[in-house]
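Source file: model15.cif (mmCIF, C-alpha atoms)
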```cif
data_start
loop_
_atom_site.label_atom_id
_atom_site.label_comp_id
_atom_site.auth_asym_id
_atom_site.auth_seq_id
_atom_site.Cartn_x
_atom_site.Cartn_y
_atom_site.Cartn_z
CA MET A 1 20.15 11.35 25.35
CA GLN A 2 23.63 10.49 26.57
CA LYS A 3 24.20 8.71 23.31
CA ILE A 4 23.06 11.63 21.21
CA LEU A 5 25.30 14.04 23.10
CA ARG A 6 28.24 11.70 22.80
CA GLU A 7 27.72 11.19 19.10
CA SER A 8 27.16 14.88 18.30
CA GLY A 9 30.04 16.09 20.41
CA HIS A 10 31.89 17.35 17.34
CA LEU A 11 28.92 19.57 16.46
CA VAL A 12 28.76 21.03 19.96
CA ARG A 13 32.47 21.78 19.82
CA LEU A 14 32.07 23.44 16.43
CA ALA A 15 29.21 25.56 17.77
CA LEU A 16 31.35 26.60 20.74
CA VAL A 17 34.23 27.60 18.48
CA LEU A 18 31.86 29.68 16.30
CA ALA A 19 30.34 31.33 19.37
CA ALA A 20 33.80 32.12 20.71
CA GLY A 21 34.79 33.58 17.34
CA PHE A 22 31.68 35.74 17.30
CA LEU A 23 32.33 37.01 20.81
CA ILE A 24 35.93 37.86 19.97
CA PHE A 25 34.75 39.70 16.86
CA MET A 26 32.22 41.70 18.87
CA ALA A 27 34.81 42.51 21.54
CA VAL A 28 37.39 43.69 19.01
CA ARG A 29 34.76 45.68 17.14
CA ALA A 30 33.60 47.41 20.33
CA ALA A 31 37.20 48.21 21.17
CA ILE A 32 38.29 49.73 17.85
CA VAL A 33 35.20 51.32 16.27
CA PRO A 34 34.68 54.85 17.66
CA LYS A 35 31.50 55.29 19.64
CA SER A 36 30.16 58.05 17.41
CA PHE A 37 30.60 56.07 14.18
CA GLY A 38 27.17 55.76 12.63
CA GLN A 39 25.66 58.55 14.72
CA TYR A 40 24.54 60.42 11.58
CA GLY A 41 25.66 58.05 8.83
CA HIS A 42 28.57 55.90 7.77
CA TYR A 43 31.19 58.15 9.39
CA ARG A 44 32.47 59.28 12.77
CA GLY A 45 29.88 61.75 14.07
CA ALA A 46 32.35 63.42 16.45
CA VAL A 47 34.35 64.75 13.49
CA LEU A 48 31.72 67.46 12.89
CA GLU A 49 32.60 69.07 16.22
CA GLU A 50 36.31 68.63 15.53
CA ILE A 51 36.02 70.49 12.22
CA ARG A 52 33.86 73.19 13.82
CA ALA A 53 36.46 73.78 16.50
CA LYS A 54 39.07 75.06 14.02
CA PRO A 55 40.08 78.70 14.59
CA ILE A 56 39.08 81.44 12.13
CA SER A 57 41.47 83.88 10.37
CA PHE A 58 38.94 86.27 8.86
CA ALA A 59 37.01 88.13 11.54
CA GLY A 60 34.19 89.27 9.27
CA ARG A 61 33.09 92.73 8.32
CA ALA A 62 30.66 93.16 11.22
CA THR A 63 33.46 92.68 13.74
CA CYS A 64 35.67 95.31 12.03
CA GLU A 65 32.87 97.85 12.04
CA VAL A 66 32.44 97.63 15.82
CA CYS A 67 35.57 99.80 16.22
CA HIS A 68 36.04 101.32 12.76
CA ASP A 69 32.59 102.86 12.50
CA GLU A 70 33.88 106.04 10.83
CA VAL A 71 35.52 104.11 8.01
CA ALA A 72 32.36 102.03 7.72
CA LYS A 73 30.35 105.25 7.28
CA THR A 74 32.74 106.64 4.64
CA LYS A 75 32.64 103.33 2.82
CA SER A 76 28.87 102.99 2.94
CA GLU A 77 28.52 106.27 1.04
CA GLY A 78 30.96 105.41 -1.72
CA LYS A 79 31.38 102.98 -4.59
CA HIS A 80 33.16 100.46 -2.38
CA ALA A 81 30.21 100.05 0.00
CA GLY A 82 29.84 96.37 -0.88
CA LEU A 83 33.42 95.38 -0.11
CA GLY A 84 34.33 93.51 3.04
CA CYS A 85 37.20 95.13 4.96
CA GLU A 86 39.34 92.01 4.73
CA ALA A 87 39.03 91.94 0.94
CA CYS A 88 41.91 94.46 0.93
CA HIS A 89 43.24 94.37 4.51
CA GLY A 90 43.65 90.59 4.64
CA PRO A 91 42.81 88.16 7.42
CA SER A 92 42.37 90.20 10.60
CA ALA A 93 40.98 87.90 13.28
CA ALA A 94 44.25 88.23 15.22
CA HIS A 95 43.95 92.02 15.01
CA THR A 96 40.41 92.01 16.38
CA GLU A 97 41.50 89.92 19.35
CA ASP A 98 44.49 92.08 20.25
CA PRO A 99 44.55 95.32 18.22
CA THR A 100 47.59 96.80 19.97
CA THR A 101 50.09 94.08 19.10
CA ASN A 102 48.58 92.72 15.87
CA HIS A 103 48.16 95.36 13.22
CA ALA A 104 45.91 94.88 10.22
CA PHE A 105 47.64 94.79 6.84
CA LYS A 106 47.81 98.17 5.12
CA PRO A 107 47.85 97.57 1.36
CA ASN A 108 49.69 99.74 -1.14
CA PRO A 109 47.21 101.29 -3.61
CA ALA A 110 49.86 101.24 -6.35
CA THR A 111 49.66 97.44 -6.51
CA LEU A 112 46.29 96.72 -4.92
CA CYS A 113 43.83 98.56 -7.16
CA VAL A 114 44.97 97.05 -10.46
CA ARG A 115 44.14 93.57 -9.24
CA CYS A 116 40.50 94.41 -9.79
CA HIS A 117 40.54 97.47 -12.06
CA GLU A 118 43.19 96.71 -14.71
CA ALA A 119 41.38 96.37 -18.03
CA ASP A 120 40.82 92.77 -19.10
CA ARG A 121 38.36 91.57 -21.71
CA ALA A 122 37.28 88.72 -19.44
CA ARG A 123 35.98 91.19 -16.85
CA PRO A 124 32.31 92.20 -16.99
CA LYS A 125 31.78 95.13 -19.39
CA THR A 126 30.00 97.21 -16.74
CA PHE A 127 32.83 96.91 -14.23
CA PRO A 128 35.04 100.06 -14.04
CA GLN A 129 38.38 99.24 -15.64
CA VAL A 130 41.40 101.26 -16.74
CA THR A 131 44.64 100.57 -18.53
CA SER A 132 46.82 101.84 -15.70
CA LYS A 133 49.71 102.73 -18.02
CA ASP A 134 47.56 105.28 -19.89
CA HIS A 135 45.29 106.23 -17.00
CA ALA A 136 47.72 107.00 -14.18
CA ASN A 137 50.81 108.07 -16.11
CA GLY A 138 53.09 106.60 -13.46
CA MET A 139 51.23 107.99 -10.46
CA SER A 140 49.94 105.79 -7.67
CA CYS A 141 46.15 105.27 -7.59
CA GLY A 142 46.15 106.57 -4.01
CA ASP A 143 47.39 109.98 -5.17
CA CYS A 144 43.93 110.81 -6.49
CA HIS A 145 41.53 108.13 -5.25
CA LYS A 146 40.84 107.36 -1.59
CA PRO A 147 40.30 103.61 -1.46
CA HIS A 148 37.44 103.73 1.08
CA SER A 149 35.49 106.05 -1.19
CA PRO A 150 37.25 106.13 -4.56
CA LYS A 151 35.20 108.75 -6.44
CA ILE A 152 37.22 111.94 -6.92
CA MET B 1 60.74 17.94 33.99
CA GLU B 2 57.09 17.25 34.55
CA GLN B 3 54.63 19.62 32.93
CA ASP B 4 51.51 20.60 34.91
CA MET B 5 49.52 21.25 31.74
CA ASN B 6 49.11 19.29 28.57
CA ARG B 7 48.46 20.86 25.21
CA ARG B 8 44.72 20.32 25.33
CA GLU B 9 44.39 22.06 28.69
CA LEU B 10 46.55 24.95 27.55
CA LEU B 11 44.37 25.53 24.49
CA LYS B 12 41.20 25.34 26.59
CA ASP B 13 42.51 27.82 29.13
CA THR B 14 43.76 30.21 26.45
CA GLY B 15 40.32 30.14 24.82
CA LYS B 16 38.63 30.91 28.15
CA PHE B 17 41.02 33.77 28.80
CA VAL B 18 40.41 35.39 25.40
CA ILE B 19 36.63 35.18 25.73
CA LEU B 20 36.55 36.46 29.28
CA SER B 21 38.96 39.33 28.69
CA GLY B 22 36.97 40.42 25.62
CA ALA B 23 33.74 40.35 27.60
CA ALA B 24 35.37 42.26 30.44
CA ARG B 25 36.57 44.93 28.02
CA VAL B 26 33.07 45.39 26.60
CA ALA B 27 31.64 45.60 30.12
CA PHE B 28 34.33 48.10 31.14
CA LYS B 29 33.71 50.27 28.08
CA THR B 30 29.98 50.29 28.74
CA MET B 31 30.50 51.23 32.39
CA GLN B 32 33.01 53.90 31.50
CA GLY B 33 30.63 55.55 29.06
CA GLU B 34 31.64 56.88 25.67
CA THR B 35 34.80 58.90 25.13
CA VAL B 36 33.25 61.07 22.44
CA PRO B 37 33.41 64.78 23.30
CA GLU B 38 30.05 66.19 24.33
CA PRO B 39 28.44 68.22 21.52
CA GLU B 40 28.93 71.93 22.01
CA LYS B 41 25.95 73.51 23.70
CA ASP B 42 25.15 76.23 21.23
CA LYS B 43 22.42 77.43 19.00
CA TYR B 44 23.58 75.75 15.81
CA LYS B 45 21.32 72.92 14.71
CA ALA B 46 22.50 71.05 11.62
CA ALA B 47 18.98 69.90 10.76
CA GLU B 48 17.89 73.51 10.21
CA HIS B 49 20.39 74.19 7.43
CA TRP B 50 21.14 72.99 3.92
CA TRP B 51 24.24 74.74 2.66
CA GLY B 52 25.29 75.51 -0.88
CA MET B 53 26.81 78.36 -2.86
CA THR B 54 25.77 80.62 -5.70
CA ILE B 55 28.17 82.21 -8.18
CA ASP B 56 27.26 85.07 -10.48
CA ILE B 57 29.52 84.70 -13.52
CA ASP B 58 28.57 88.20 -14.68
CA LYS B 59 30.06 89.72 -11.54
CA CYS B 60 33.34 87.80 -11.25
CA ILE B 61 36.29 90.06 -12.09
CA GLY B 62 38.98 87.42 -11.61
CA CYS B 63 40.82 89.24 -8.83
CA GLY B 64 41.70 85.99 -7.05
CA ASN B 65 40.79 87.34 -3.62
CA CYS B 66 38.76 84.20 -2.91
CA VAL B 67 41.68 81.89 -3.71
CA LYS B 68 44.04 83.84 -1.46
CA ALA B 69 41.54 84.07 1.38
CA CYS B 70 40.77 80.36 1.20
CA ALA B 71 44.46 79.50 1.42
CA ALA B 72 44.91 81.84 4.41
CA GLU B 73 41.84 80.63 6.25
CA ASN B 74 42.40 76.93 5.74
CA GLY B 75 46.18 76.61 5.48
CA VAL B 76 46.07 75.23 1.94
CA PRO B 77 49.61 74.22 0.81
CA ASP B 78 51.24 76.03 -2.14
CA GLY B 79 50.20 74.68 -5.50
CA TYR B 80 46.99 73.12 -4.16
CA PHE B 81 43.56 74.72 -4.23
CA ARG B 82 40.26 74.28 -2.47
CA THR B 83 38.88 76.97 -4.72
CA TRP B 84 40.35 78.45 -7.87
CA VAL B 85 39.38 80.76 -10.72
CA GLU B 86 39.54 79.83 -14.41
CA ARG B 87 39.59 82.28 -17.27
CA TYR B 88 37.78 81.05 -20.36
CA TYR B 89 38.35 82.12 -23.95
CA VAL B 90 35.68 80.81 -26.26
CA SER B 91 36.15 81.42 -29.97
CA ASP B 92 33.25 81.89 -32.36
CA ASP B 93 34.40 79.03 -34.62
CA HIS B 94 34.93 76.40 -31.94
CA PRO B 95 32.73 77.14 -28.94
CA GLU B 96 33.03 73.50 -27.89
CA LYS B 97 36.81 73.88 -27.50
CA PRO B 98 37.38 76.68 -25.00
CA GLU B 99 40.87 77.79 -23.98
CA VAL B 100 41.25 77.91 -20.22
CA ASP B 101 44.01 79.39 -18.10
CA SER B 102 44.36 79.61 -14.35
CA PRO B 103 47.90 80.68 -13.37
CA ASN B 104 48.49 79.56 -9.77
CA GLY B 105 44.74 79.05 -9.44
CA GLY B 106 44.20 82.73 -10.20
CA MET B 107 45.53 83.50 -6.73
CA ASN B 108 47.55 86.52 -7.89
CA GLY B 109 45.10 87.63 -10.55
CA PHE B 110 45.55 87.08 -14.29
CA PRO B 111 48.00 88.52 -16.80
CA VAL B 112 46.15 90.97 -19.02
CA MET B 113 45.18 89.35 -22.27
CA ASP B 114 43.42 91.42 -24.86
CA ARG B 115 42.01 89.13 -27.51
CA PRO B 116 39.00 90.65 -29.21
CA ASP B 117 38.47 87.51 -31.30
CA ALA B 118 36.91 85.51 -28.48
CA LYS B 119 34.29 85.62 -25.77
CA SER B 120 35.95 85.65 -22.39
CA PHE B 121 34.88 85.34 -18.76
CA PHE B 122 35.95 84.04 -15.37
CA VAL B 123 34.61 80.91 -13.69
CA PRO B 124 35.36 80.43 -9.98
CA LYS B 125 35.32 76.80 -8.98
CA LEU B 126 35.11 74.96 -5.70
CA CYS B 127 33.60 71.81 -4.25
CA ASN B 128 29.99 71.55 -5.40
CA HIS B 129 28.93 69.93 -2.12
CA CYS B 130 26.88 67.37 -4.02
CA ALA B 131 23.93 65.83 -2.23
CA ASP B 132 24.61 62.47 -3.95
CA SER B 133 28.34 62.80 -4.10
CA PRO B 134 30.45 60.31 -6.07
CA CYS B 135 33.42 60.91 -3.76
CA VAL B 136 31.43 59.82 -0.72
CA GLN B 137 30.32 56.67 -2.52
CA ALA B 138 33.91 55.84 -3.45
CA CYS B 139 35.39 56.17 0.05
CA PRO B 140 36.10 52.66 1.39
CA VAL B 141 36.52 53.62 5.05
CA GLY B 142 33.78 56.14 5.79
CA ALA B 143 36.22 59.04 5.98
CA THR B 144 34.34 61.35 3.63
CA PHE B 145 30.67 62.05 4.03
CA GLU B 146 27.79 64.45 3.47
CA SER B 147 27.05 66.18 6.76
CA PRO B 148 23.42 66.48 7.94
CA ASP B 149 23.50 70.12 6.78
CA GLY B 150 24.67 69.29 3.26
CA VAL B 151 28.43 69.88 3.38
CA VAL B 152 30.83 67.27 2.01
CA LEU B 153 33.61 66.85 4.59
CA VAL B 154 36.66 64.67 5.22
CA ASP B 155 37.47 63.00 8.52
CA GLN B 156 41.25 63.32 8.33
CA LYS B 157 41.76 60.97 11.27
CA TYR B 158 39.93 58.25 9.35
CA CYS B 159 41.27 58.93 5.85
CA VAL B 160 43.80 56.31 4.74
CA GLY B 161 44.98 58.35 1.75
CA CYS B 162 43.88 55.84 -0.90
CA ARG B 163 42.92 58.68 -3.32
CA TYR B 164 39.78 56.91 -4.61
CA CYS B 165 37.70 60.00 -3.87
CA ILE B 166 40.13 62.20 -5.81
CA GLN B 167 39.50 60.04 -8.86
CA ALA B 168 35.77 59.87 -8.21
CA CYS B 169 35.23 63.65 -8.03
CA PRO B 170 34.17 64.75 -11.52
CA TYR B 171 35.01 68.37 -10.70
CA GLY B 172 38.63 67.87 -9.59
CA CYS B 173 37.96 69.46 -6.23
CA ARG B 174 40.06 67.17 -4.03
CA TYR B 175 43.78 66.82 -3.42
CA LEU B 176 46.09 64.76 -1.26
CA ASP B 177 47.64 67.05 1.33
CA PRO B 178 51.36 66.30 0.92
CA ARG B 179 52.09 67.21 4.57
CA LYS B 180 49.65 64.76 6.12
CA ASN B 181 49.07 62.27 3.28
CA VAL B 182 45.33 62.56 3.74
CA VAL B 183 42.73 64.01 1.42
CA ASP B 184 41.71 67.63 1.79
CA LYS B 185 39.05 69.72 0.12
CA CYS B 186 36.73 72.70 0.50
CA THR B 187 34.78 72.43 3.77
CA LEU B 188 32.56 75.37 2.82
CA CYS B 189 34.36 76.90 5.85
CA TYR B 190 32.31 74.62 8.10
CA HIS B 191 34.09 76.11 11.12
CA ARG B 192 32.82 79.56 10.09
CA ILE B 193 29.31 78.96 8.77
CA THR B 194 28.34 77.02 11.88
CA LYS B 195 29.36 80.06 13.96
CA GLY B 196 27.15 82.42 11.98
CA LEU B 197 29.94 83.80 9.78
CA THR B 198 30.15 83.47 6.02
CA THR B 199 32.91 81.58 4.20
CA ALA B 200 36.34 83.22 3.75
CA CYS B 201 35.90 83.42 -0.05
CA VAL B 202 32.51 85.10 0.23
CA GLU B 203 33.81 87.47 2.92
CA VAL B 204 36.48 88.89 0.60
CA CYS B 205 34.66 88.74 -2.75
CA PRO B 206 34.62 92.41 -3.81
CA THR B 207 31.69 92.16 -6.22
CA ALA B 208 29.53 89.73 -4.24
CA SER B 209 29.81 87.29 -7.12
CA ARG B 210 29.94 84.46 -4.60
CA GLN B 211 27.19 84.03 -2.05
CA LEU B 212 26.82 81.44 0.66
CA ALA B 213 23.34 79.92 0.45
CA ASP B 214 21.23 78.24 3.08
CA PHE B 215 18.41 76.58 1.20
CA LYS B 216 16.48 75.74 4.38
CA ASN B 217 16.37 79.37 5.49
CA PRO B 218 13.23 80.90 3.96
CA ASN B 219 14.70 84.41 4.29
CA ASP B 220 17.92 83.60 2.44
CA PRO B 221 18.33 85.69 -0.77
CA VAL B 222 19.20 82.46 -2.58
CA HIS B 223 15.49 81.80 -3.19
CA LYS B 224 15.13 85.09 -5.09
CA PHE B 225 18.41 84.33 -6.91
CA MET B 226 17.16 80.91 -8.02
CA ARG B 227 13.76 82.23 -9.10
CA GLU B 228 14.89 85.25 -11.05
CA ASN B 229 17.97 84.02 -12.90
CA HIS B 230 19.10 81.39 -15.33
CA VAL B 231 21.05 79.07 -13.08
CA GLU B 232 22.93 75.89 -13.81
CA VAL B 233 25.28 73.50 -12.00
CA LEU B 234 28.47 72.14 -13.56
CA LYS B 235 28.07 68.81 -15.40
CA PRO B 236 24.35 68.45 -14.66
CA HIS B 237 24.21 65.21 -16.67
CA LEU B 238 26.19 63.47 -13.92
CA ALA B 239 23.26 63.94 -11.50
CA THR B 240 25.54 64.40 -8.52
CA GLY B 241 23.10 66.74 -6.79
CA ALA B 242 25.63 69.60 -7.00
CA LYS B 243 24.71 72.61 -4.86
CA THR B 244 27.05 75.23 -6.32
CA TYR B 245 24.77 77.13 -8.67
CA TYR B 246 26.12 79.37 -11.43
CA LYS B 247 24.18 82.26 -12.88
CA ASP B 248 24.47 82.67 -16.66
CA LEU B 249 26.93 79.82 -17.04
CA ASP B 250 28.19 79.46 -20.61
CA GLY B 251 27.69 76.05 -22.22
CA SER B 252 31.40 75.80 -22.98
CA VAL B 253 32.34 75.55 -19.29
CA ARG B 254 33.58 72.12 -18.32
#
```
Could you quickly redo this structure as C-alpha cells?
Amino acid sequence: MQKILRESGHLVRLALVLAAGFLIFMAVRAAIVPKSFGQYGHYRGAVLEEIRAKPISFAGRATCEVCHDEVAKTKSEGKHAGLGCEACHGPSAAHTEDPTTNHAFKPNPATLCVRCHEADRARPKTFPQVTSKDHANGMSCGDCHKPHSPKI
Amino acid sequence: MEQDMNRRELLKDTGKFVILSGAARVAFKTMQGETVPEPEKDKYKAAEHWWGMTIDIDKCIGCGNCVKACAAENGVPDGYFRTWVERYYVSDDHPEKPEVDSPNGGMNGFPVMDRPDAKSFFVPKLCNHCADSPCVQACPVGATFESPDGVVLVDQKYCVGCRYCIQACPYGCRYLDPRKNVVDKCTLCYHRITKGLTTACVEVCPTASRQLADFKNPNDPVHKFMRENHVEVLKPHLATGAKTYYKDLDGSVR
C-alpha cells in the first residue's frame, strides 16, 4: 500500500491540482454570475423587474377622462371618438400627476390637422382628406372645425 | 538573511489560501442570501400573457404619431427608431421593385406626393417580437432574450455592444444606442403593458391601425382579427415566429 501511494504520488498531486482548479472555478463563478441568471432562461431574470420599473410618459386615455369627462363626452359623440387624448396633446403623465404646474400641450389646429388630413394617395381612400390650400383658403382649420368634434 | 519559508512551502500555503478564501466566499454568499431585488408583489403574471401586435395596413394614414410617441416614451435618440413608418409606391410594371421612403422614420409625417401611376400605402414597422428570434440566438452573452410573456428584450447591463444581434435581425429593428454603446430596441413598452396600459404607439394611433395583442387572453379582440382577416407576418419564409401581424399586407413589402 505504502509502495503504491509512493509510486502514484504524481497522480495524487495532479488530482489535487485539478480539484483545486475546479473549486476556484466554482468560487469565481458564484461570485460573478448574478443570482437570477437562468431563473427563466439564459439571461438575468431580475432584468424583467428593472425594465418594468421604468417611468411612463403617456398617462393613457382613461386617466385623462377621470377629470376631463366633459371633453370625453363631446368627443364620444363626434368623429374623433376613437382618438386617444395624447394623440394630439402629447405625453401627459406629468400633467396627470400635478395638473397645476404641468400643463398639457395645446396644439395649434393650423399645423396639427394636416398631419392626418392632408390629401395623400398613400392614405386609405375612405379616410377624410383635403388639399388644405384649396379647402381652407388660408384660414386655420380651427376657425370652422372644433377638434374634439370636428363636424360643422 | 535567513528565510523562514522556502519556495515549495510558499506555493503550498498560497494554494491553501486561495481554496479556503474561495470556499469562504461561497459560504458567505449563501448565508447572506441573494442580492436580487424581490419581485414586485402585484397582479401581473407573465405566464398568463403572450404579447404581440396587429397592424391594419388599410387604416394607417402615415401621420407618424406612433414614431413620435415611441421616441418620447422611451427616450429614443434622434435619427434612431424603435418603430418607424414606410411609404410604399408599387408600380404596375415592376411590383417586385417597390419604391420606399421614410423621411426621419415618418416622425413628422410625409411630404405630399401625388403619383397616380402607382399603388401606394403606409407600412408601420417595429420589432416583430419573434418567438424563435434570430437576434436572441446570436447574442453571445445572454443579454437579449424572449421574456416568458413573449417580448424580446435587452438587458442593457449585460450587453457588451458587439452588434451581432443587429446583424442577425432580419427586420432591421435594432440599433446601438450611441449614448450608452449598448443595443436598444422596441420593448413593446414592457413597462406599460405589465401595468395594464397599452403601448405608447397604440395609445396615440388615431385610426386604431395598431393594436396591442395578448394571444393568451381569450377575450382579446385579436382572436376575431386573426379569424376574420387576411393576415401575414413580414418575411414568413424566415420562420422567426414573428408576432407582429399585418392585415392585407401587400406582397411587395420587404
For the structure provided, state which residues fall under the PyMOL selection byres ((chain A) within 6 of (chain B)), and present them as a list in words.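 For this structure, the PyMOL selection byres ((chain A) within 6 of (chain B)) captures Ala27, His42, Tyr43, Arg52, Lys54, Ser57, Leu83, Gly84, Glu86, Ala87, Arg115, Cys116, Asp120, Arg121, Ala122, Arg123 and Pro124 of chain A.
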Could you please determine the separation between atom CA of B:Tyr245 and atom CA of A:Gly60 in Å, to one decimal place?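 A separation of 23.6 Å between them.
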Separating atom CA of B:Gly196 from atom CA of B:Tyr44, to the nearest tenth of an Å, is a gap of 8.5 Å
Taking 3 positions as the minimum chain separation for residues in the same chain, which residues sit within 12 Å of A:Ile152 when counting all atoms listed in the file? Answer as a ChimeraX atom specification. /A:78-79,141-149
If I take atom CA of A:Ala94 and atom CA of B:Asp184, how far is one from the other in Å, to one decimal?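 The value is 24.7 Å.
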Give as JSON, numbers by chain the residues that the PyMOL selection byres ((chain B and resi 248) around 9) matches when applied to the coordinates above. {"B": [56, 57, 58, 229, 230, 231, 232, 246, 247, 249, 250]}
Counting all atoms listed in the file, what is within 12 Å of B:Cys169, bar same-chain residues fewer than 5 positions away, as a ChimeraX atom specification? /B:126-130,132-139,144,152,163-164,174-175,185,235,238,240,242
Keeping only C-alpha atoms, write those residues as a compact mmCIF listing (two decimals), in the frame of the given file.
```
# COMPACT_ATOMS: atom_id res chain seq x y z
CA LEU B 126 35.11 74.96 -5.70
CA CYS B 127 33.60 71.81 -4.25
CA ASN B 128 29.99 71.55 -5.40
CA HIS B 129 28.93 69.93 -2.12
CA CYS B 130 26.88 67.37 -4.02
CA ASP B 132 24.61 62.47 -3.95
CA SER B 133 28.34 62.80 -4.10
CA PRO B 134 30.45 60.31 -6.07
CA CYS B 135 33.42 60.91 -3.76
CA VAL B 136 31.43 59.82 -0.72
CA GLN B 137 30.32 56.67 -2.52
CA ALA B 138 33.91 55.84 -3.45
CA CYS B 139 35.39 56.17 0.05
CA THR B 144 34.34 61.35 3.63
CA VAL B 152 30.83 67.27 2.01
CA ARG B 163 42.92 58.68 -3.32
CA TYR B 164 39.78 56.91 -4.61
CA ARG B 174 40.06 67.17 -4.03
CA TYR B 175 43.78 66.82 -3.42
CA LYS B 185 39.05 69.72 0.12
CA LYS B 235 28.07 68.81 -15.40
CA LEU B 238 26.19 63.47 -13.92
CA THR B 240 25.54 64.40 -8.52
CA ALA B 242 25.63 69.60 -7.00
```
Quick one: residues within 8 Å of B:Val85, all atoms listed in the file counted, chain neighbours fewer than 4 positions away excluded, as a PyMOL selection string? chain B and resi 62+64+67+102+105-107+122-125
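With distances restricted to only C-alpha atoms, A:Gly90 is the closest residue to A:His103 from A:Gly90, A:Val47, A:Gln39, A:Gln2.
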Hey, which of B:Cys162, B:Ala239, B:Val151, B:Val233 ends up closest to B:Cys186? Count all atoms listed in the file.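 The answer is B:Val151, which sits nearest to B:Cys186.
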Hits of the PyMOL selection byres ((chain A and resi 132) around 9) in this structure, as an MDAnalysis selection string: chainID A and resid 114 117:119 129:131 133:138 141
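Shortest separation to A:Cys85 among A:Ala46, A:Leu16, A:Ile32, A:Ala59 occurs at residue A:Ala59, atoms counted being all atoms listed in the file.
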Of the listed residues B:Gly150, B:Pro221, B:Leu212, B:Tyr171, that which approaches B:His49 most closely, counting all atoms listed in the file: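 For B:His49, the nearest of the given residues is B:Gly150.
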Show which residues sit within 10 Å of A:Ala72, as an mmCIF file with C-alpha atoms, keeping the file's coordinate frame. Count all atoms listed in the file, and ignore same-chain residues fewer than 5 positions away.
```
data_model
loop_
_atom_site.group_PDB
_atom_site.id
_atom_site.type_symbol
_atom_site.label_atom_id
_atom_site.label_comp_id
_atom_site.auth_asym_id
_atom_site.auth_seq_id
_atom_site.Cartn_x
_atom_site.Cartn_y
_atom_site.Cartn_z
ATOM 1 C CA ARG A 61 33.090 92.730 8.320
ATOM 2 C CA ALA A 62 30.660 93.160 11.220
ATOM 3 C CA CYS A 64 35.670 95.310 12.030
ATOM 4 C CA GLU A 65 32.870 97.850 12.040
ATOM 5 C CA VAL A 66 32.440 97.630 15.820
ATOM 6 C CA CYS A 67 35.570 99.800 16.220
ATOM 7 C CA GLU A 77 28.520 106.270 1.040
ATOM 8 C CA ALA A 81 30.210 100.050 0.000
ATOM 9 C CA GLY A 84 34.330 93.510 3.040
ATOM 10 C CA CYS A 85 37.200 95.130 4.960
ATOM 11 C CA HIS A 148 37.440 103.730 1.080
#
```
At a cut-off of 10 Å, using all atoms listed in the file, what residues contact A:Asn108? Leave out same-chain residues fewer than 3 positions from it and give the result as a count of residues only. 8
Stretch 90-100 of chain A from the block above, N, CA, C and O atoms, as a CSV table (one decimal), in the first residue's frame, please?
```
chain,number,residue,atom,x,y,z
A,90,GLY,N,-50.1,65.2,-26.7
A,90,GLY,CA,-48.7,64.7,-26.4
A,90,GLY,C,-48.7,64.0,-25.0
A,90,GLY,O,-49.7,63.9,-24.3
A,91,PRO,N,-47.5,63.6,-24.7
A,91,PRO,CA,-47.3,62.8,-23.4
A,91,PRO,C,-47.7,63.7,-22.2
A,91,PRO,O,-47.2,64.7,-22.0
A,92,SER,N,-48.6,63.1,-21.4
A,92,SER,CA,-49.2,64.0,-20.3
A,92,SER,C,-49.2,63.3,-19.0
A,92,SER,O,-50.0,63.7,-18.1
A,93,ALA,N,-48.3,62.3,-18.8
A,93,ALA,CA,-48.3,61.7,-17.4
A,93,ALA,C,-47.9,62.7,-16.4
A,93,ALA,O,-48.4,62.7,-15.3
A,94,ALA,N,-47.0,63.6,-16.7
A,94,ALA,CA,-46.6,64.6,-15.7
A,94,ALA,C,-47.7,65.5,-15.4
A,94,ALA,O,-47.9,65.9,-14.2
A,95,HIS,N,-48.6,65.8,-16.4
A,95,HIS,CA,-49.8,66.7,-16.1
A,95,HIS,C,-50.8,66.0,-15.2
A,95,HIS,O,-51.4,66.6,-14.4
A,96,THR,N,-50.9,64.7,-15.4
A,96,THR,CA,-51.9,64.0,-14.5
A,96,THR,C,-51.4,63.9,-13.1
A,96,THR,O,-52.2,63.8,-12.2
A,97,GLU,N,-50.1,63.9,-12.9
A,97,GLU,CA,-49.6,63.8,-11.5
A,97,GLU,C,-49.7,65.2,-10.8
A,97,GLU,O,-49.9,65.2,-9.6
A,98,ASP,N,-49.5,66.2,-11.5
A,98,ASP,CA,-49.5,67.6,-10.9
A,98,ASP,C,-50.1,68.6,-12.0
A,98,ASP,O,-49.3,69.3,-12.6
A,99,PRO,N,-51.4,68.6,-12.1
A,99,PRO,CA,-52.0,69.4,-13.1
A,99,PRO,C,-51.8,70.9,-13.0
A,99,PRO,O,-51.9,71.6,-14.0
A,100,THR,N,-51.5,71.4,-11.8
A,100,THR,CA,-51.4,72.8,-11.7
A,100,THR,C,-50.1,73.4,-12.2
A,100,THR,O,-50.1,74.4,-12.9
```
